[in-house]
Amino acid sequence: QVQLVESGGGLVQPGGSLRLSCAASGNIFSTSTMGWYRQAPGKQRELAAAITSGGTTNYADSVKGRFTISRDNAKNTVYLQMNSLKPEDTAVYYCKLRSYGGSLEVWGQGTLVTVSS
């Protein structure tokens with residue numbers, strides 16, 4: 001059974017940086033697409049960034065040029081480097097795994113990022 005555990009959230013000032021990590025159990029990580037989603041208070045969950053098993057990335061327009069998603073298959077971990085953070089980036093950030101072929105989707109428990117002075 002696959003489980004995802006996020007870490008790295010916290011309070012940061014506008015303009016600051018944070019790096020989120022998501023560690024996966026099991027043995028399907030390397031063939032799975034990984035995504036970081038976020039949900040701000042009162043808003044729907046939205047995709048922030050995703051990376052395929054082959055390393056292809058895509059980003060929401062709101063984070064392009066500021067966020068970078070990467071993966072380390074040897075560590076079964078996906079990262080989200082967030083730079084130039086803005087108050088509107090405040091949200092709970094969730095990691096999601098989608099297996100090859102899409103038969104399995106797993107969510108992490110979420111980690112809170114607060115951008116405030």
# chains A, B, ... in the order shown; residues from 1 in each chain; ligands from 1
>>> residues_around(residues="Arg71 of chain A", least_positions_apart="5", cutoff="8 Å", atoms="only C-alpha atoms", output="JSON list (two decimals) with C-alpha atoms, in the first residue's frame")
[["chain", "number", "residue", "atom", "x", "y", "z"],
["A", 51, "ILE", "CA", 6.16, 15.93, -12.85],
["A", 55, "GLY", "CA", 10.72, 14.24, -15.74],
["A", 76, "ASN", "CA", 11.07, 7.97, -3.48],
["A", 77, "THR", "CA", 10.67, 11.68, -2.88],
["A", 78, "VAL", "CA", 9.25, 14.63, -4.77],
["A", 79, "TYR", "CA", 10.10, 18.21, -3.91]]
>>> residues_around(residues="segment 2-16 of chain A", least_positions_apart="3", cutoff="12 Å", atoms="only C-alpha atoms", output="short mmCIF file (atom, residue, chain, number, x, y, z; two decimals) with C-alpha atoms, in the first residue's frame")
data_model
loop_
_atom_site.label_atom_id
_atom_site.label_comp_id
_atom_site.auth_asym_id
_atom_site.auth_seq_id
_atom_site.Cartn_x
_atom_site.Cartn_y
_atom_site.Cartn_z
CA ARG A 19 11.03 23.60 0.11
CA LEU A 20 8.34 20.98 0.50
CA SER A 21 9.10 17.28 0.46
CA CYS A 22 6.83 14.31 -0.11
CA ALA A 23 8.12 10.83 0.64
CA ALA A 24 6.33 7.80 -0.79
CA SER A 25 6.28 4.25 0.50
CA GLY A 26 5.98 1.25 -1.76
CA ASN A 27 7.66 0.47 -5.05
CA ILE A 28 5.69 2.32 -7.72
CA PHE A 29 7.07 5.83 -7.18
CA SER A 32 4.21 7.39 -11.22
CA MET A 34 3.61 13.18 -8.94
CA GLY A 35 1.80 16.43 -8.30
CA TRP A 36 1.65 19.21 -5.79
CA TYR A 37 -1.80 20.69 -5.26
CA ARG A 38 -2.88 23.48 -2.97
CA ARG A 66 8.82 30.91 -8.88
CA PHE A 67 8.19 27.24 -8.06
CA ASN A 76 11.07 7.97 -3.48
CA THR A 77 10.67 11.68 -2.88
CA VAL A 78 9.25 14.63 -4.77
CA TYR A 79 10.10 18.21 -3.91
CA LEU A 80 8.56 21.62 -4.46
CA GLN A 81 10.99 24.52 -4.21
CA MET A 82 9.01 27.70 -3.68
CA ASN A 83 10.74 31.06 -4.13
CA SER A 84 9.50 34.65 -4.11
CA LEU A 85 6.53 33.59 -2.04
CA LYS A 86 3.46 35.82 -1.94
CA PRO A 87 0.61 36.03 0.57
CA GLU A 88 -1.66 34.49 -2.06
CA ASP A 89 0.48 31.35 -1.95
CA THR A 90 -0.88 30.68 1.53
CA ALA A 91 -2.61 27.29 1.42
CA VAL A 92 -2.48 23.69 2.49
CA TYR A 93 -0.21 21.92 0.02
CA TYR A 94 -0.98 18.32 -0.87
CA CYS A 95 1.14 15.77 -2.64
CA LYS A 96 -0.53 13.33 -5.03
CA LEU A 97 0.68 10.16 -6.68
CA ARG A 98 -0.96 8.88 -9.85
CA SER A 99 0.23 5.45 -10.88
CA LEU A 104 -4.27 4.31 -8.39
CA GLU A 105 -4.33 7.81 -6.94
CA VAL A 106 -3.03 8.54 -3.47
CA TRP A 107 -3.04 11.81 -1.53
CA GLY A 108 -0.85 12.94 1.31
CA GLN A 109 -2.21 14.54 4.45
CA GLY A 110 -1.18 18.06 3.50
CA THR A 111 1.21 20.63 4.90
CA LEU A 112 0.32 24.23 5.67
CA VAL A 113 2.24 27.08 4.09
CA THR A 114 1.57 30.55 5.44
CA VAL A 115 3.07 33.60 3.77
CA SER A 116 2.72 36.62 6.01
CA SER A 117 4.71 39.45 7.49
#
>>> residues_around(residues="Ser53 of chain A", least_positions_apart="6", cutoff="6 Å", atoms="only C-alpha atoms", output="PDB file with N, CA and C atoms, in the first residue's frame")
ATOM      1  N   SER A  30       8.711   5.418  -8.920  1.00  0.00           N
ATOM      2  CA  SER A  30       9.498   5.815 -10.086  1.00  0.00           C
ATOM      3  C   SER A  30       8.693   5.811 -11.380  1.00  0.00           C
ATOM      4  N   THR A  31       7.619   5.063 -11.436  1.00  0.00           N
ATOM      5  CA  THR A  31       6.797   4.995 -12.651  1.00  0.00           C
ATOM      6  C   THR A  31       5.544   5.856 -12.556  1.00  0.00           C
ATOM      7  N   SER A  32       5.419   6.601 -11.472  1.00  0.00           N
ATOM      8  CA  SER A  32       4.208   7.386 -11.222  1.00  0.00           C
ATOM      9  C   SER A  32       4.410   8.860 -11.533  1.00  0.00           C
ATOM     10  N   THR A  33       3.309   9.510 -11.880  1.00  0.00           N
ATOM     11  CA  THR A  33       3.291  10.968 -11.991  1.00  0.00           C
ATOM     12  C   THR A  33       3.005  11.543 -10.607  1.00  0.00           C
TER      13      THR A  33
END
>>> select_by_dssp(residues="chain A", states="strand (DSSP E or B)", output="number ranges by chain")
A: 4-7, 10-12, 18-24, 33-39, 46-51, 57-59, 67-72, 77-82, 91-98, 105-107, 111-115
>>> residues_around(residues="Tyr59 of chain A", least_positions_apart="2", cutoff="10 Å", atoms="only C-alpha atoms", output="PyMOL selection string")
chain A and resi 35-36+47-51+57+61-69
>>> atom_distance(atom1="atom CA of Arg45 of chain A", atom2="atom CA of Ser103 of chain A")
21.1 Å
>>> atom_distance(atom1="atom CA of Pro41 of chain A", atom2="atom CA of Thr56 of chain A")
29.7 Å
>>> decode(residues="segment 35-51 of chain A", atoms="all heavy atoms", output="CSV table (one decimal), in the first residue's frame")
chain,number,residue,atom,x,y,z
A,35,GLY,N,2.3,15.1,-8.2
A,35,GLY,CA,1.8,16.4,-8.3
A,35,GLY,C,1.7,17.1,-6.9
A,35,GLY,O,1.6,16.4,-5.9
A,36,TRP,N,1.9,18.4,-7.0
A,36,TRP,CA,1.6,19.2,-5.8
A,36,TRP,C,0.4,20.1,-6.1
A,36,TRP,O,0.3,20.8,-7.1
A,36,TRP,CB,2.8,20.1,-5.5
A,36,TRP,CG,4.0,19.5,-4.9
A,36,TRP,CD1,5.1,19.0,-5.5
A,36,TRP,CD2,4.1,19.1,-3.5
A,36,TRP,NE1,6.0,18.5,-4.5
A,36,TRP,CE2,5.4,18.5,-3.3
A,36,TRP,CE3,3.3,19.3,-2.3
A,36,TRP,CZ2,5.9,18.0,-2.1
A,36,TRP,CZ3,3.8,18.8,-1.1
A,36,TRP,CH2,5.0,18.2,-1.0
A,37,TYR,N,-0.6,19.9,-5.2
A,37,TYR,CA,-1.8,20.7,-5.3
A,37,TYR,C,-1.9,21.6,-4.0
A,37,TYR,O,-1.2,21.4,-3.0
A,37,TYR,CB,-3.0,19.8,-5.3
A,37,TYR,CG,-3.2,19.0,-6.5
A,37,TYR,CD1,-2.3,17.9,-6.8
A,37,TYR,CD2,-4.2,19.3,-7.4
A,37,TYR,CE1,-2.5,17.2,-8.0
A,37,TYR,CE2,-4.3,18.5,-8.6
A,37,TYR,CZ,-3.5,17.5,-8.9
A,37,TYR,OH,-3.6,16.8,-10.0
A,38,ARG,N,-2.7,22.6,-4.1
A,38,ARG,CA,-2.9,23.5,-3.0
A,38,ARG,C,-4.3,23.9,-2.8
A,38,ARG,O,-5.0,24.0,-3.8
A,38,ARG,CB,-2.0,24.7,-3.1
A,38,ARG,CG,-2.2,25.6,-4.2
A,38,ARG,CD,-1.2,26.7,-4.3
A,38,ARG,NE,-1.4,27.7,-5.3
A,38,ARG,CZ,-0.7,28.8,-5.5
A,38,ARG,NH1,0.4,29.0,-4.8
A,38,ARG,NH2,-1.0,29.7,-6.5
A,39,GLN,N,-4.7,24.2,-1.6
A,39,GLN,CA,-6.1,24.6,-1.3
A,39,GLN,C,-6.0,25.7,-0.3
A,39,GLN,O,-5.6,25.5,0.8
A,39,GLN,CB,-6.9,23.5,-0.8
A,39,GLN,CG,-8.4,23.8,-0.6
A,39,GLN,CD,-9.3,22.6,-0.4
A,39,GLN,OE1,-8.8,21.5,-0.1
A,39,GLN,NE2,-10.5,22.8,-0.7
A,40,ALA,N,-6.4,26.9,-0.8
A,40,ALA,CA,-6.5,28.1,0.1
A,40,ALA,C,-7.8,28.1,0.8
A,40,ALA,O,-8.8,27.5,0.3
A,40,ALA,CB,-6.3,29.4,-0.8
A,41,PRO,N,-7.9,28.8,1.9
A,41,PRO,CA,-9.1,28.9,2.6
A,41,PRO,C,-10.3,29.4,1.7
A,41,PRO,O,-10.2,30.4,1.1
A,41,PRO,CB,-8.8,29.9,3.7
A,41,PRO,CG,-7.4,29.8,3.9
A,41,PRO,CD,-6.8,29.5,2.6
A,42,GLY,N,-11.4,28.6,1.7
A,42,GLY,CA,-12.5,29.0,1.0
A,42,GLY,C,-12.4,28.8,-0.5
A,42,GLY,O,-13.3,29.2,-1.3
A,43,LYS,N,-11.4,28.2,-1.0
A,43,LYS,CA,-11.2,28.0,-2.4
A,43,LYS,C,-11.1,26.5,-2.7
A,43,LYS,O,-10.8,25.7,-1.8
A,43,LYS,CB,-9.9,28.7,-2.9
A,43,LYS,CG,-10.1,30.2,-2.8
A,43,LYS,CD,-8.9,30.9,-3.5
A,43,LYS,CE,-9.1,32.4,-3.5
A,43,LYS,NZ,-8.0,33.1,-4.2
A,44,GLN,N,-11.2,26.2,-4.0
A,44,GLN,CA,-11.1,24.8,-4.4
A,44,GLN,C,-9.6,24.4,-4.5
A,44,GLN,O,-8.7,25.2,-4.7
A,44,GLN,CB,-11.7,24.6,-5.8
A,44,GLN,CG,-13.2,24.7,-5.8
A,44,GLN,CD,-13.9,24.2,-7.1
A,44,GLN,OE1,-13.3,24.5,-8.2
A,44,GLN,NE2,-15.0,23.6,-7.0
A,45,ARG,N,-9.3,23.1,-4.4
A,45,ARG,CA,-8.0,22.6,-4.5
A,45,ARG,C,-7.6,22.8,-6.0
A,45,ARG,O,-8.4,22.5,-6.9
A,45,ARG,CB,-7.9,21.1,-4.1
A,45,ARG,CG,-6.5,20.6,-4.0
A,45,ARG,CD,-6.6,19.2,-3.4
A,45,ARG,NE,-7.2,19.1,-2.1
A,45,ARG,CZ,-7.2,18.0,-1.3
A,45,ARG,NH1,-6.6,16.9,-1.7
A,45,ARG,NH2,-7.7,18.1,-0.1
A,46,GLU,N,-6.3,23.2,-6.2
A,46,GLU,CA,-5.8,23.4,-7.6
A,46,GLU,C,-4.4,22.8,-7.7
A,46,GLU,O,-3.7,22.7,-6.8
A,46,GLU,CB,-5.8,24.9,-7.9
A,46,GLU,CG,-4.8,25.7,-7.0
A,46,GLU,CD,-4.7,27.2,-7.4
A,46,GLU,OE1,-5.5,27.6,-8.3
A,46,GLU,OE2,-3.9,27.9,-6.8
A,47,LEU,N,-4.1,22.5,-9.0
A,47,LEU,CA,-2.8,22.0,-9.3
A,47,LEU,C,-1.8,23.1,-9.2
A,47,LEU,O,-2.0,24.1,-9.9
A,47,LEU,CB,-2.8,21.3,-10.6
A,47,LEU,CG,-1.4,20.8,-11.1
A,47,LEU,CD1,-0.9,19.6,-10.3
A,47,LEU,CD2,-1.5,20.4,-12.6
A,48,ALA,N,-0.7,22.9,-8.5
A,48,ALA,CA,0.4,23.9,-8.6
A,48,ALA,C,1.5,23.4,-9.5
A,48,ALA,O,2.0,24.2,-10.3
A,48,ALA,CB,1.0,24.1,-7.2
A,49,ALA,N,1.9,22.2,-9.4
A,49,ALA,CA,2.9,21.7,-10.3
A,49,ALA,C,2.9,20.2,-10.4
A,49,ALA,O,2.4,19.5,-9.4
A,49,ALA,CB,4.3,22.1,-9.8
A,50,ALA,N,3.3,19.6,-11.5
A,50,ALA,CA,3.4,18.1,-11.6
A,50,ALA,C,4.6,17.7,-12.4
A,50,ALA,O,5.2,18.5,-13.1
A,50,ALA,CB,2.1,17.7,-12.3
A,51,ILE,N,5.0,16.5,-12.2
A,51,ILE,CA,6.2,15.9,-12.8
A,51,ILE,C,5.9,14.5,-13.2
A,51,ILE,O,5.4,13.7,-12.3
A,51,ILE,CB,7.4,16.1,-12.0
A,51,ILE,CG1,8.7,15.6,-12.8
A,51,ILE,CG2,7.3,15.4,-10.7
A,51,ILE,CD1,10.0,16.0,-12.1
